[in-house]
file entry-v2.pdb (PDB, C-alpha atoms)
ATOM      1  CA  MET D1419      16.041 -12.354  22.014
ATOM      2  CA  GLU D1420      12.614 -11.205  23.078
ATOM      3  CA  ASN D1421      10.509 -13.974  24.514
ATOM      4  CA  VAL D1422       8.031 -14.712  21.717
ATOM      5  CA  PRO D1423       4.643 -15.917  22.970
ATOM      6  CA  CYS D1424       2.828 -18.904  21.416
ATOM      7  CA  THR D1425      -0.412 -16.994  20.899
ATOM      8  CA  MET D1426      -1.280 -13.429  19.968
ATOM      9  CA  LYS D1427      -4.128 -10.997  19.463
ATOM     10  CA  ALA D1428      -5.197 -10.745  15.828
ATOM     11  CA  TRP D1429      -8.140  -9.731  13.673
ATOM     12  CA  ILE D1430      -9.336 -12.874  11.925
ATOM     13  CA  TYR D1431     -12.172 -14.081   9.681
ATOM     14  CA  GLY D1432     -13.377 -17.606   8.939
ATOM     15  CA  GLN D1433     -15.727 -16.893   6.026
ATOM     16  CA  HIS D1434     -16.273 -14.237   3.377
ATOM     17  CA  GLY D1435     -18.586 -11.322   4.032
ATOM     18  CA  LYS D1436     -18.669  -7.694   5.131
ATOM     19  CA  PRO D1437     -15.904  -6.898   7.638
ATOM     20  CA  GLU D1438     -18.402  -5.918  10.342
ATOM     21  CA  ASP D1439     -20.074  -9.329   9.969
ATOM     22  CA  VAL D1440     -17.069 -11.664   9.698
ATOM     23  CA  LEU D1441     -13.970  -9.971  11.174
ATOM     24  CA  ASN D1442     -13.314 -10.605  14.869
ATOM     25  CA  LEU D1443     -10.561  -9.672  17.309
ATOM     26  CA  LYS D1444      -9.277 -12.823  19.001
ATOM     27  CA  SER D1445      -6.608 -13.140  21.676
ATOM     28  CA  ASP D1446      -5.693 -16.807  21.206
ATOM     29  CA  VAL D1447      -4.472 -16.876  17.589
ATOM     30  CA  VAL D1448      -1.368 -19.036  17.166
ATOM     31  CA  VAL D1449       1.773 -17.031  16.295
ATOM     32  CA  PRO D1450       2.776 -18.122  12.760
ATOM     33  CA  GLU D1451       5.564 -20.682  12.342
ATOM     34  CA  LEU D1452       8.692 -19.343  10.668
ATOM     35  CA  LYS D1453       9.924 -20.748   7.374
ATOM     36  CA  GLU D1454      13.713 -20.748   7.039
ATOM     37  CA  ASP D1455      13.802 -17.605   4.837
ATOM     38  CA  GLN D1456      11.391 -15.664   7.065
ATOM     39  CA  VAL D1457      11.627 -13.365  10.068
ATOM     40  CA  LEU D1458       9.007 -12.878  12.763
ATOM     41  CA  VAL D1459       8.067  -9.221  13.095
ATOM     42  CA  LYS D1460       6.496  -7.702  16.186
ATOM     43  CA  VAL D1461       3.945  -5.456  14.497
ATOM     44  CA  MET D1462       4.111  -1.831  15.633
ATOM     45  CA  ALA D1463       1.779  -0.447  12.931
ATOM     46  CA  SER D1464      -0.196  -1.859  10.003
ATOM     47  CA  GLY D1465      -1.390   0.044   6.924
ATOM     48  CA  LEU D1466      -4.853  -0.652   5.523
ATOM     49  CA  ASN D1467      -5.588  -1.009   1.799
ATOM     50  CA  PRO D1468      -8.789  -1.304  -0.283
ATOM     51  CA  VAL D1469      -7.751  -4.883  -1.132
ATOM     52  CA  ASP D1470      -8.277  -5.890   2.539
ATOM     53  CA  ASN D1471     -12.017  -5.189   2.227
ATOM     54  CA  LYS D1472     -12.255  -6.741  -1.253
ATOM     55  CA  ARG D1473     -10.572  -9.977  -0.165
ATOM     56  CA  MET D1474     -12.835 -10.257   2.872
ATOM     57  CA  LEU D1475     -15.886  -9.923   0.620
ATOM     58  CA  GLY D1476     -14.631 -12.871  -1.439
ATOM     59  CA  ILE D1477     -14.005 -10.994  -4.695
ATOM     60  CA  PHE D1478     -10.740 -12.882  -5.364
ATOM     61  CA  VAL D1479     -11.935 -16.253  -4.130
ATOM     62  CA  GLN D1480     -10.218 -18.269  -6.909
ATOM     63  CA  ALA D1481      -6.698 -17.476  -5.631
ATOM     64  CA  GLU D1482      -7.245 -17.158  -1.884
ATOM     65  CA  CYS D1483      -5.422 -18.577   1.120
ATOM     66  CA  PRO D1484      -7.196 -20.973   3.528
ATOM     67  CA  PHE D1485      -9.427 -19.836   6.390
ATOM     68  CA  PRO D1486      -9.137 -18.617   9.050
ATOM     69  CA  THR D1487      -7.459 -15.524   7.588
ATOM     70  CA  VAL D1488      -5.720 -12.571   9.230
ATOM     71  CA  PRO D1489      -5.954  -9.604   6.813
ATOM     72  CA  GLY D1490      -3.319  -6.933   6.235
ATOM     73  CA  TYR D1491      -0.447  -6.291   3.806
ATOM     74  CA  ASP D1492       1.592  -3.364   5.137
ATOM     75  CA  VAL D1493       3.756  -3.749   8.219
ATOM     76  CA  ALA D1494       6.241  -1.709  10.208
ATOM     77  CA  GLY D1495       7.792  -3.323  13.233
ATOM     78  CA  VAL D1496      10.725  -4.980  14.946
ATOM     79  CA  VAL D1497      12.341  -8.330  14.104
ATOM     80  CA  VAL D1498      12.000 -10.677  17.105
ATOM     81  CA  LYS D1499      13.087 -14.000  15.544
ATOM     82  CA  VAL D1500      14.936 -15.063  12.380
ATOM     83  CA  GLY D1501      14.779 -18.223  10.262
ATOM     84  CA  SER D1502      17.850 -20.364   9.640
ATOM     85  CA  GLN D1503      18.462 -19.047   6.101
ATOM     86  CA  VAL D1504      18.043 -15.323   6.890
ATOM     87  CA  LYS D1505      21.194 -13.500   5.795
ATOM     88  CA  ASN D1506      20.983  -9.818   6.681
ATOM     89  CA  LEU D1507      18.247  -9.091   9.187
ATOM     90  CA  LYS D1508      18.761  -9.688  12.875
ATOM     91  CA  VAL D1509      16.717  -9.534  16.050
ATOM     92  CA  GLY D1510      16.050  -5.900  17.000
ATOM     93  CA  ASP D1511      16.096  -4.525  13.440
ATOM     94  CA  GLU D1512      13.321  -2.043  12.620
ATOM     95  CA  VAL D1513      11.771  -2.983   9.271
ATOM     96  CA  TYR D1514       8.843  -2.272   6.951
ATOM     97  CA  GLY D1515       7.313  -3.934   3.916
ATOM     98  CA  ASN D1516       4.378  -5.582   2.156
ATOM     99  CA  ILE D1517       4.321  -9.170   3.435
ATOM    100  CA  HIS D1518       2.452 -10.683   0.440
ATOM    101  CA  GLU D1519       4.805 -11.137  -2.515
ATOM    102  CA  LYS D1520       1.919 -11.537  -4.989
ATOM    103  CA  ALA D1521      -0.960  -9.421  -3.729
ATOM    104  CA  LEU D1522      -3.772 -11.608  -5.072
ATOM    105  CA  ASP D1523      -2.086 -14.925  -5.842
ATOM    106  CA  HIS D1524      -2.548 -17.066  -2.722
ATOM    107  CA  PRO D1525      -1.472 -14.448  -0.172
ATOM    108  CA  LYS D1526      -0.387 -15.615   3.276
ATOM    109  CA  GLN D1527      -2.975 -16.878   5.719
ATOM    110  CA  TYR D1528      -1.619 -14.629   8.485
ATOM    111  CA  GLY D1529      -1.399 -10.950   7.565
ATOM    112  CA  THR D1530      -0.359  -7.843   9.464
ATOM    113  CA  LEU D1531      -3.452  -7.024  11.552
ATOM    114  CA  ALA D1532      -1.931  -8.991  14.403
ATOM    115  CA  GLU D1533       0.693  -8.614  17.122
ATOM    116  CA  HIS D1534       3.169 -10.708  15.098
ATOM    117  CA  THR D1535       3.581 -11.611  11.435
ATOM    118  CA  ALA D1536       6.005 -13.895   9.569
ATOM    119  CA  VAL D1537       7.505 -12.580   6.334
ATOM    120  CA  GLU D1538      10.321 -13.418   3.920
ATOM    121  CA  GLU D1539      13.433 -11.334   4.450
ATOM    122  CA  ARG D1540      13.497 -10.294   0.761
ATOM    123  CA  LEU D1541      10.131  -8.519   1.101
ATOM    124  CA  LEU D1542      11.367  -6.210   3.873
ATOM    125  CA  ALA D1543      13.609  -3.156   4.030
ATOM    126  CA  PRO D1544      15.131  -1.239   6.943
ATOM    127  CA  LYS D1545      12.641   1.330   8.240
ATOM    128  CA  PRO D1546      13.716   4.852   7.184
ATOM    129  CA  LYS D1547      15.371   6.362  10.251
ATOM    130  CA  ASN D1548      13.368   9.583  10.215
ATOM    131  CA  LEU D1549       9.958   7.921   9.920
ATOM    132  CA  SER D1550       7.739   6.729  12.746
ATOM    133  CA  PHE D1551       6.385   3.179  12.603
ATOM    134  CA  THR D1552       3.013   4.695  11.670
ATOM    135  CA  GLU D1553       4.478   6.600   8.716
ATOM    136  CA  ALA D1554       6.490   3.583   7.567
ATOM    137  CA  ALA D1555       3.420   1.305   7.709
ATOM    138  CA  SER D1556       1.547   3.660   5.364
ATOM    139  CA  LEU D1557       4.056   3.179   2.553
ATOM    140  CA  PRO D1558       4.842  -0.311   1.208
ATOM    141  CA  VAL D1559       1.800  -1.189  -0.934
ATOM    142  CA  ALA D1560       1.252   2.412  -2.068
ATOM    143  CA  ILE D1561       4.831   3.346  -2.919
ATOM    144  CA  GLY D1562       5.522  -0.151  -4.292
ATOM    145  CA  THR D1563       2.525   0.064  -6.636
ATOM    146  CA  ALA D1564       3.408   3.619  -7.699
ATOM    147  CA  TYR D1565       7.039   2.730  -8.394
ATOM    148  CA  GLU D1566       6.322  -0.525 -10.221
ATOM    149  CA  GLY D1567       3.719   1.160 -12.453
ATOM    150  CA  LEU D1568       6.130   3.952 -13.387
ATOM    151  CA  GLN D1569       8.849   1.384 -14.141
ATOM    152  CA  ARG D1570       6.480  -0.661 -16.304
ATOM    153  CA  CYS D1571       5.678   2.534 -18.255
ATOM    154  CA  GLU D1572       9.430   3.148 -18.610
ATOM    155  CA  PHE D1573       8.811   6.636 -17.248
ATOM    156  CA  THR D1574      11.921   8.800 -17.619
ATOM    157  CA  ALA D1575      13.118  12.322 -16.849
ATOM    158  CA  GLY D1576      11.561  14.992 -19.049
ATOM    159  CA  GLN D1577       8.277  13.171 -19.612
ATOM    160  CA  SER D1578       4.833  14.453 -18.644
ATOM    161  CA  ILE D1579       2.329  12.516 -16.537
ATOM    162  CA  LEU D1580      -1.346  12.756 -15.612
ATOM    163  CA  VAL D1581      -2.292  11.079 -12.317
ATOM    164  CA  LEU D1582      -5.963  10.193 -11.846
ATOM    165  CA  GLY D1583      -6.793  10.063  -8.143
ATOM    166  CA  GLY D1584      -3.702  11.945  -7.033
ATOM    167  CA  ALA D1585      -4.779  12.316  -3.396
ATOM    168  CA  GLY D1586      -5.188   8.582  -2.730
ATOM    169  CA  GLY D1587      -2.608   6.180  -1.341
ATOM    170  CA  VAL D1588      -1.055   5.207  -4.687
ATOM    171  CA  GLY D1589      -1.685   8.516  -6.469
ATOM    172  CA  SER D1590       0.017  10.601  -3.767
ATOM    173  CA  MET D1591       3.126   8.443  -4.247
ATOM    174  CA  VAL D1592       2.996   8.563  -8.075
ATOM    175  CA  ILE D1593       3.036  12.375  -7.981
ATOM    176  CA  GLN D1594       6.011  12.488  -5.608
ATOM    177  CA  LEU D1595       8.055   9.793  -7.369
ATOM    178  CA  ALA D1596       7.434  11.264 -10.834
ATOM    179  CA  LYS D1597       8.304  14.804  -9.719
ATOM    180  CA  HIS D1598      11.009  14.394  -7.077
ATOM    181  CA  VAL D1599      12.694  11.097  -7.990
ATOM    182  CA  LEU D1600      12.241  10.468 -11.724
ATOM    183  CA  GLY D1601      12.417  14.058 -13.015
ATOM    184  CA  ALA D1602       9.014  14.577 -14.667
ATOM    185  CA  SER D1603       8.808  17.714 -16.795
ATOM    186  CA  ARG D1604       5.141  18.209 -15.896
ATOM    187  CA  VAL D1605       2.816  16.546 -13.395
ATOM    188  CA  VAL D1606      -0.945  17.063 -13.587
ATOM    189  CA  ALA D1607      -3.257  15.306 -11.115
ATOM    190  CA  THR D1608      -6.974  15.036 -10.372
ATOM    191  CA  ALA D1609      -8.811  15.136  -7.048
ATOM    192  CA  SER D1610     -11.953  16.571  -5.478
ATOM    193  CA  THR D1611     -12.146  20.240  -4.479
ATOM    194  CA  GLY D1612     -10.928  19.864  -0.902
ATOM    195  CA  LYS D1613      -7.780  17.960  -1.896
ATOM    196  CA  LEU D1614      -6.346  20.224  -4.617
ATOM    197  CA  GLU D1615      -3.965  21.924  -2.191
ATOM    198  CA  LEU D1616      -2.574  18.511  -1.187
ATOM    199  CA  LEU D1617      -1.830  17.746  -4.863
ATOM    200  CA  ARG D1618       0.112  21.004  -5.213
ATOM    201  CA  ASN D1619       2.032  20.326  -2.003
ATOM    202  CA  LEU D1620       2.992  16.881  -3.300
ATOM    203  CA  GLY D1621       4.489  18.395  -6.456
ATOM    204  CA  ALA D1622       1.672  18.645  -9.018
ATOM    205  CA  ASP D1623       2.149  21.527 -11.452
ATOM    206  CA  LEU D1624      -1.590  21.575 -12.114
ATOM    207  CA  ALA D1625      -4.354  20.275  -9.850
ATOM    208  CA  VAL D1626      -7.593  19.438 -11.683
ATOM    209  CA  ASP D1627     -10.896  19.392  -9.778
ATOM    210  CA  TYR D1628     -12.691  16.389 -11.260
ATOM    211  CA  THR D1629     -16.025  17.601  -9.846
ATOM    212  CA  LYS D1630     -15.792  20.665 -12.107
ATOM    213  CA  GLU D1631     -13.842  19.679 -15.221
ATOM    214  CA  ASN D1632     -13.048  16.639 -17.324
ATOM    215  CA  PHE D1633      -9.345  15.841 -17.550
ATOM    216  CA  GLU D1634      -9.722  14.490 -21.105
ATOM    217  CA  ASP D1635     -10.802  18.004 -22.203
ATOM    218  CA  LEU D1636      -7.494  19.550 -21.100
ATOM    219  CA  PRO D1637      -5.642  21.193 -24.003
ATOM    220  CA  GLU D1638      -2.537  19.090 -23.266
ATOM    221  CA  LYS D1639      -1.922  15.347 -23.687
ATOM    222  CA  PHE D1640       0.536  13.244 -21.645
ATOM    223  CA  ASP D1641       3.381  10.772 -22.139
ATOM    224  CA  VAL D1642       1.982   8.665 -19.297
ATOM    225  CA  VAL D1643      -1.450   8.517 -17.670
ATOM    226  CA  TYR D1644      -1.484   6.690 -14.317
ATOM    227  CA  ASP D1645      -5.062   5.725 -13.470
ATOM    228  CA  CYS D1646      -5.553   4.995  -9.763
ATOM    229  CA  VAL D1647      -9.358   5.204  -9.839
ATOM    230  CA  GLY D1648     -10.602   2.945 -12.664
ATOM    231  CA  GLN D1649     -11.373   5.446 -15.438
ATOM    232  CA  CYS D1650      -9.372   3.741 -18.130
ATOM    233  CA  GLU D1651     -11.736   4.490 -21.017
ATOM    234  CA  ARG D1652     -11.340   8.221 -20.384
ATOM    235  CA  ALA D1653      -7.658   7.909 -19.486
ATOM    236  CA  VAL D1654      -6.629   6.706 -22.946
ATOM    237  CA  LYS D1655      -8.108   9.912 -24.427
ATOM    238  CA  ALA D1656      -5.624  11.981 -22.419
ATOM    239  CA  MET D1657      -2.449  10.259 -23.608
ATOM    240  CA  LYS D1658      -0.156  11.486 -26.358
ATOM    241  CA  GLU D1659       0.211   9.438 -29.502
ATOM    242  CA  GLY D1660       2.672   6.705 -28.560
ATOM    243  CA  GLY D1661       2.049   7.370 -24.869
ATOM    244  CA  LYS D1662       1.240   4.833 -22.156
ATOM    245  CA  VAL D1663      -1.669   4.325 -19.805
ATOM    246  CA  VAL D1664      -1.361   2.179 -16.695
ATOM    247  CA  THR D1665      -4.267   1.351 -14.413
ATOM    248  CA  VAL D1666      -4.473  -0.414 -11.074
ATOM    249  CA  SER D1667      -8.256  -0.515 -10.844
ATOM    250  CA  GLY D1668     -11.271  -1.428 -12.967
ATOM    251  CA  ALA D1669     -11.640  -2.539 -16.578
ATOM    252  CA  VAL D1670      -8.859  -2.057 -19.129
ATOM    253  CA  THR D1671      -9.265  -0.168 -22.418
ATOM    254  CA  VAL D1672      -6.650  -0.846 -25.127
ATOM    255  CA  PRO D1673      -3.837   0.276 -25.281
ATOM    256  CA  ALA D1674      -3.772   0.639 -21.501
ATOM    257  CA  PHE D1675      -2.453  -2.148 -19.294
ATOM    258  CA  LYS D1676      -3.184  -3.230 -15.750
ATOM    259  CA  PHE D1677      -0.912  -4.846 -13.188
ATOM    260  CA  ILE D1678      -1.016  -6.039  -9.595
ATOM    261  CA  VAL D1679       1.936  -5.095  -7.424
ATOM    262  CA  THR D1680       4.706  -7.566  -6.575
ATOM    263  CA  SER D1681       6.230  -6.907  -3.149
ATOM    264  CA  ASN D1682       9.953  -6.249  -3.252
ATOM    265  CA  GLY D1683      12.142  -5.110  -0.352
ATOM    266  CA  ALA D1684      14.927  -4.060  -2.750
ATOM    267  CA  ASP D1685      12.666  -1.394  -4.289
ATOM    268  CA  LEU D1686      11.832  -0.012  -0.846
ATOM    269  CA  GLU D1687      15.529   0.067   0.001
ATOM    270  CA  LYS D1688      16.202   1.934  -3.251
ATOM    271  CA  LEU D1689      13.589   4.536  -2.276
ATOM    272  CA  ASN D1690      14.705   4.867   1.363
ATOM    273  CA  PRO D1691      17.171   7.729   0.630
ATOM    274  CA  TYR D1692      14.339   9.831  -0.851
ATOM    275  CA  LEU D1693      12.196   9.146   2.209
ATOM    276  CA  GLU D1694      15.082   9.919   4.578
ATOM    277  CA  SER D1695      15.908  13.181   2.767
ATOM    278  CA  GLY D1696      12.235  14.249   2.888
ATOM    279  CA  LYS D1697      11.924  14.452  -0.909
ATOM    280  CA  VAL D1698       9.160  11.817  -0.680
ATOM    281  CA  LYS D1699       6.819  11.975   2.292
ATOM    282  CA  ALA D1700       4.448   9.474   3.873
ATOM    283  CA  ILE D1701       0.893  10.788   3.470
ATOM    284  CA  ILE D1702      -1.579   9.765   6.176
ATOM    285  CA  ASP D1703      -5.161  11.034   6.201
ATOM    286  CA  PRO D1704      -5.734  13.607   8.985
ATOM    287  CA  LYS D1705      -8.386  11.248  10.421
ATOM    288  CA  GLY D1706      -6.488   8.148   9.343
ATOM    289  CA  ILE D1707      -4.880   6.688  12.478
ATOM    290  CA  TYR D1708      -6.979   4.129  14.365
ATOM    291  CA  PRO D1709      -5.998   2.053  17.406
ATOM    292  CA  PHE D1710      -5.959  -1.747  16.986
ATOM    293  CA  SER D1711      -9.358  -2.081  18.713
ATOM    294  CA  GLN D1712     -10.931   0.210  16.063
ATOM    295  CA  THR D1713      -9.694  -1.688  12.993
ATOM    296  CA  LEU D1714     -13.293  -2.136  11.743
ATOM    297  CA  GLU D1715     -13.779   1.647  11.770
ATOM    298  CA  GLY D1716     -10.496   2.039   9.873
ATOM    299  CA  LEU D1717     -11.581  -0.461   7.212
ATOM    300  CA  ALA D1718     -14.954   1.307   6.891
ATOM    301  CA  TYR D1719     -13.163   4.633   6.312
ATOM    302  CA  VAL D1720     -10.965   3.048   3.609
ATOM    303  CA  ASP D1721     -14.141   1.717   1.985
ATOM    304  CA  THR D1722     -15.561   5.252   1.552
ATOM    305  CA  GLY D1723     -12.954   5.924  -1.160
ATOM    306  CA  ARG D1724     -12.523   9.412   0.292
ATOM    307  CA  VAL D1725      -9.218   8.908   2.113
ATOM    308  CA  ALA D1726      -6.424  11.435   1.521
ATOM    309  CA  GLY D1727      -3.279   9.285   1.518
ATOM    310  CA  LYS D1728      -3.474   6.294   3.837
ATOM    311  CA  VAL D1729      -5.179   4.806   6.888
ATOM    312  CA  VAL D1730      -2.945   3.131   9.496
ATOM    313  CA  ILE D1731      -3.658   0.986  12.540
ATOM    314  CA  HIS D1732      -1.466   2.075  15.474
ATOM    315  CA  PRO D1733      -0.742   1.218  18.180
ATOM    316  CA  ILE D1734      -1.107  -2.548  17.830
ATOM    317  CA  GLN D1735      -1.930  -3.974  21.268
ATOM    318  CA  GLN D1736       0.999  -5.825  22.772
ATOM    319  CA  ASP D1737       0.890  -8.071  25.811
ATOM    320  CA  ASN D1738       3.725  -7.018  28.052
TER     321      ASN D1738
END

call {"tool": "encode", "arguments": {"input": "entry-v2.pdb", "output": "structure tokens"}}
result
Amino acid sequence: MENVPCTMKAWIYGQHGKPEDVLNLKSDVVVPELKEDQVLVKVMASGLNPVDNKRMLGIFVQAECPFPTVPGYDVAGVVVKVGSQVKNLKVGDEVYGNIHEKALDHPKQYGTLAEHTAVEERLLAPKPKNLSFTEAASLPVAIGTAYEGLQRCEFTAGQSILVLGGAGGVGSMVIQLAKHVLGASRVVATASTGKLELLRNLGADLAVDYTKENFEDLPEKFDVVYDCVGQCERAVKAMKEGGKVVTVSGAVTVPAFKFIVTSNGADLEKLNPYLESGKVKAIIDPKGIYPFSQTLEGLAYVDTGRVAGKVVIHPIQQDN
């Protein structure tokens, strides 16, 4: 077993505010204690998500964890210690996952923007063998949200889908899962001009430039509309009669519904074969990899809303 230190480097905040004002890199943060169903993961890479910025600003203050808080949901790394009730994982296993079971319902105090993180075994899956730690860290929240939304819509082979915000973290996964895993008959997706080629490469049959045309004016309507950008009022106009609209952002217009992802290692494990075969690919923004010391710059880039795919922090500094 690797000798686990008592303290670690971590990004941490003790009050709500803008990341550049409240988030600090500290080298003396206590390594989290393991509960019996948890493993301690040496973090090799951590994916960033818009929710990291929103939580820091205090938007979800009614269901927050205590201060001081280490942000971060997505992790890819190596198990260095296991709790007494852990059944399958062992020291040395390479894993990935979203460490917060309920994204906005009292998430853990110690997230993934740290050298170590403690997480329940059931929230993790073996890292796909062909993926780097960086690629694996880009996936859990995005692919988990995409998959859960499609399941909640009861999306099945032969159905059509419109994906709003198809070049973002969640949208890029919705396109791939609908087309290459669930057997969509037709996938249409929206993005800005420079990202249309990405949509086609992901599997979209039609890429719509939202700067030039309105998706609700398309001659076709869809069995499912997956809104990743918060345009629900317009989204419901693009669904077929009896269709479904799911949104993960913004206000909800009936009959659409909104959900917040529940982390689930079993779902990741179910999707691993598609990742290992290359049918579904990790999508990281060309400018989207930041070293641990530049986490603030990474969070600022996420906050622009212009990211293609994901932003990942790698490498995480490790004391040797």

call {"tool": "closest_residue", "arguments": {"input": "entry-v2.pdb", "among": "D:His1518, D:His1524, D:Lys1597, D:Lys1460", "to": "Phe1478 (chain D)", "atoms": "only C-alpha atoms"}}
result
D:His1524

call {"tool": "residues_around", "arguments": {"input": "entry-v2.pdb", "residues": "Asn1516 (chain D)", "least_positions_apart": "2", "cutoff": "7 Å", "atoms": "only C-alpha atoms", "output": "compact mmCIF listing (two decimals) with C-alpha atoms, in the frame of the given file"}}
result
# COMPACT_ATOMS: atom_id res chain seq x y z
CA TYR D 1491 -0.45 -6.29 3.81
CA ASP D 1492 1.59 -3.36 5.14
CA VAL D 1493 3.76 -3.75 8.22
CA HIS D 1518 2.45 -10.68 0.44
CA LEU D 1541 10.13 -8.52 1.10
CA PRO D 1558 4.84 -0.31 1.21
CA VAL D 1559 1.80 -1.19 -0.93
CA SER D 1681 6.23 -6.91 -3.15

call {"tool": "atom_distance", "arguments": {"input": "entry-v2.pdb", "atom1": "CA of Val1666 (chain D)", "atom2": "CA of Thr1563 (chain D)"}}
result
8.3 Å

call {"tool": "resolve_selection", "arguments": {"input": "entry-v2.pdb", "expression": "the PyMOL selection byres ((chain D and resi 1686-1693) around 9)", "output": "list in words"}}
result
Tyr1514, Gly1515, Leu1541, Leu1542, Ala1543, Pro1544, Lys1545, Pro1546, Asn1548, Leu1549, Pro1558, Ile1561, Gly1562, His1598, Val1599, Asn1682, Gly1683, Ala1684, Asp1685, Glu1694, Ser1695, Gly1696, Lys1697, Val1698, Lys1699 and Ala1700 of chain D

call {"tool": "closest_residue", "arguments": {"input": "entry-v2.pdb", "among": "D:Ala1481, D:Val1720, D:Val1457, D:Val1605", "to": "Glu1638 (chain D)", "atoms": "all atoms listed in the file"}}
result
D:Val1605

call {"tool": "residues_near_point", "arguments": {"input": "entry-v2.pdb", "point": "(-6.8, 11.3, -5.6)", "cutoff": "8 Å", "atoms": "all atoms listed in the file", "output": "list in words"}}
result
Leu1582, Gly1583, Gly1584, Ala1585, Gly1586, Gly1587, Gly1589, Ser1590, Ala1607, Thr1608, Ala1609, Ser1610, Lys1613, Cys1646, Val1647 and Ala1726 of chain D

call {"tool": "axis_aligned_box", "arguments": {"input": "entry-v2.pdb", "around": "region 1723-1735 of chain D", "padding_each_side": "3 Å", "output": "AutoDock Vina command-line options"}}
result
--center_x -6.8 --center_y 3.7 --center_z 10.1 --size_x 18.2 --size_y 21.4 --size_z 28.4

call {"tool": "resolve_selection", "arguments": {"input": "entry-v2.pdb", "expression": "the PyMOL selection byres ((chain D and resi 1627) around 10)", "output": "VMD selection string"}}
result
chain D and resid 1607 to 1614 1624 to 1626 1628 to 1633

call {"tool": "closest_residue", "arguments": {"input": "entry-v2.pdb", "among": "D:Val1422, D:Ala1674, D:Leu1717, D:Val1729", "to": "Arg1570 (chain D)", "atoms": "only C-alpha atoms"}}
result
D:Ala1674

call {"tool": "residues_around", "arguments": {"input": "entry-v2.pdb", "residues": "Ala1560 (chain D)", "least_positions_apart": "4", "cutoff": "7 Å", "atoms": "all atoms listed in the file", "output": "MDAnalysis selection string"}}
result
chainID D and resid 1564 1587:1588 1591

call {"tool": "atom_distance", "arguments": {"input": "entry-v2.pdb", "atom1": "CA of Leu1466 (chain D)", "atom2": "CA of Lys1508 (chain D)"}}
result
26.3 Å
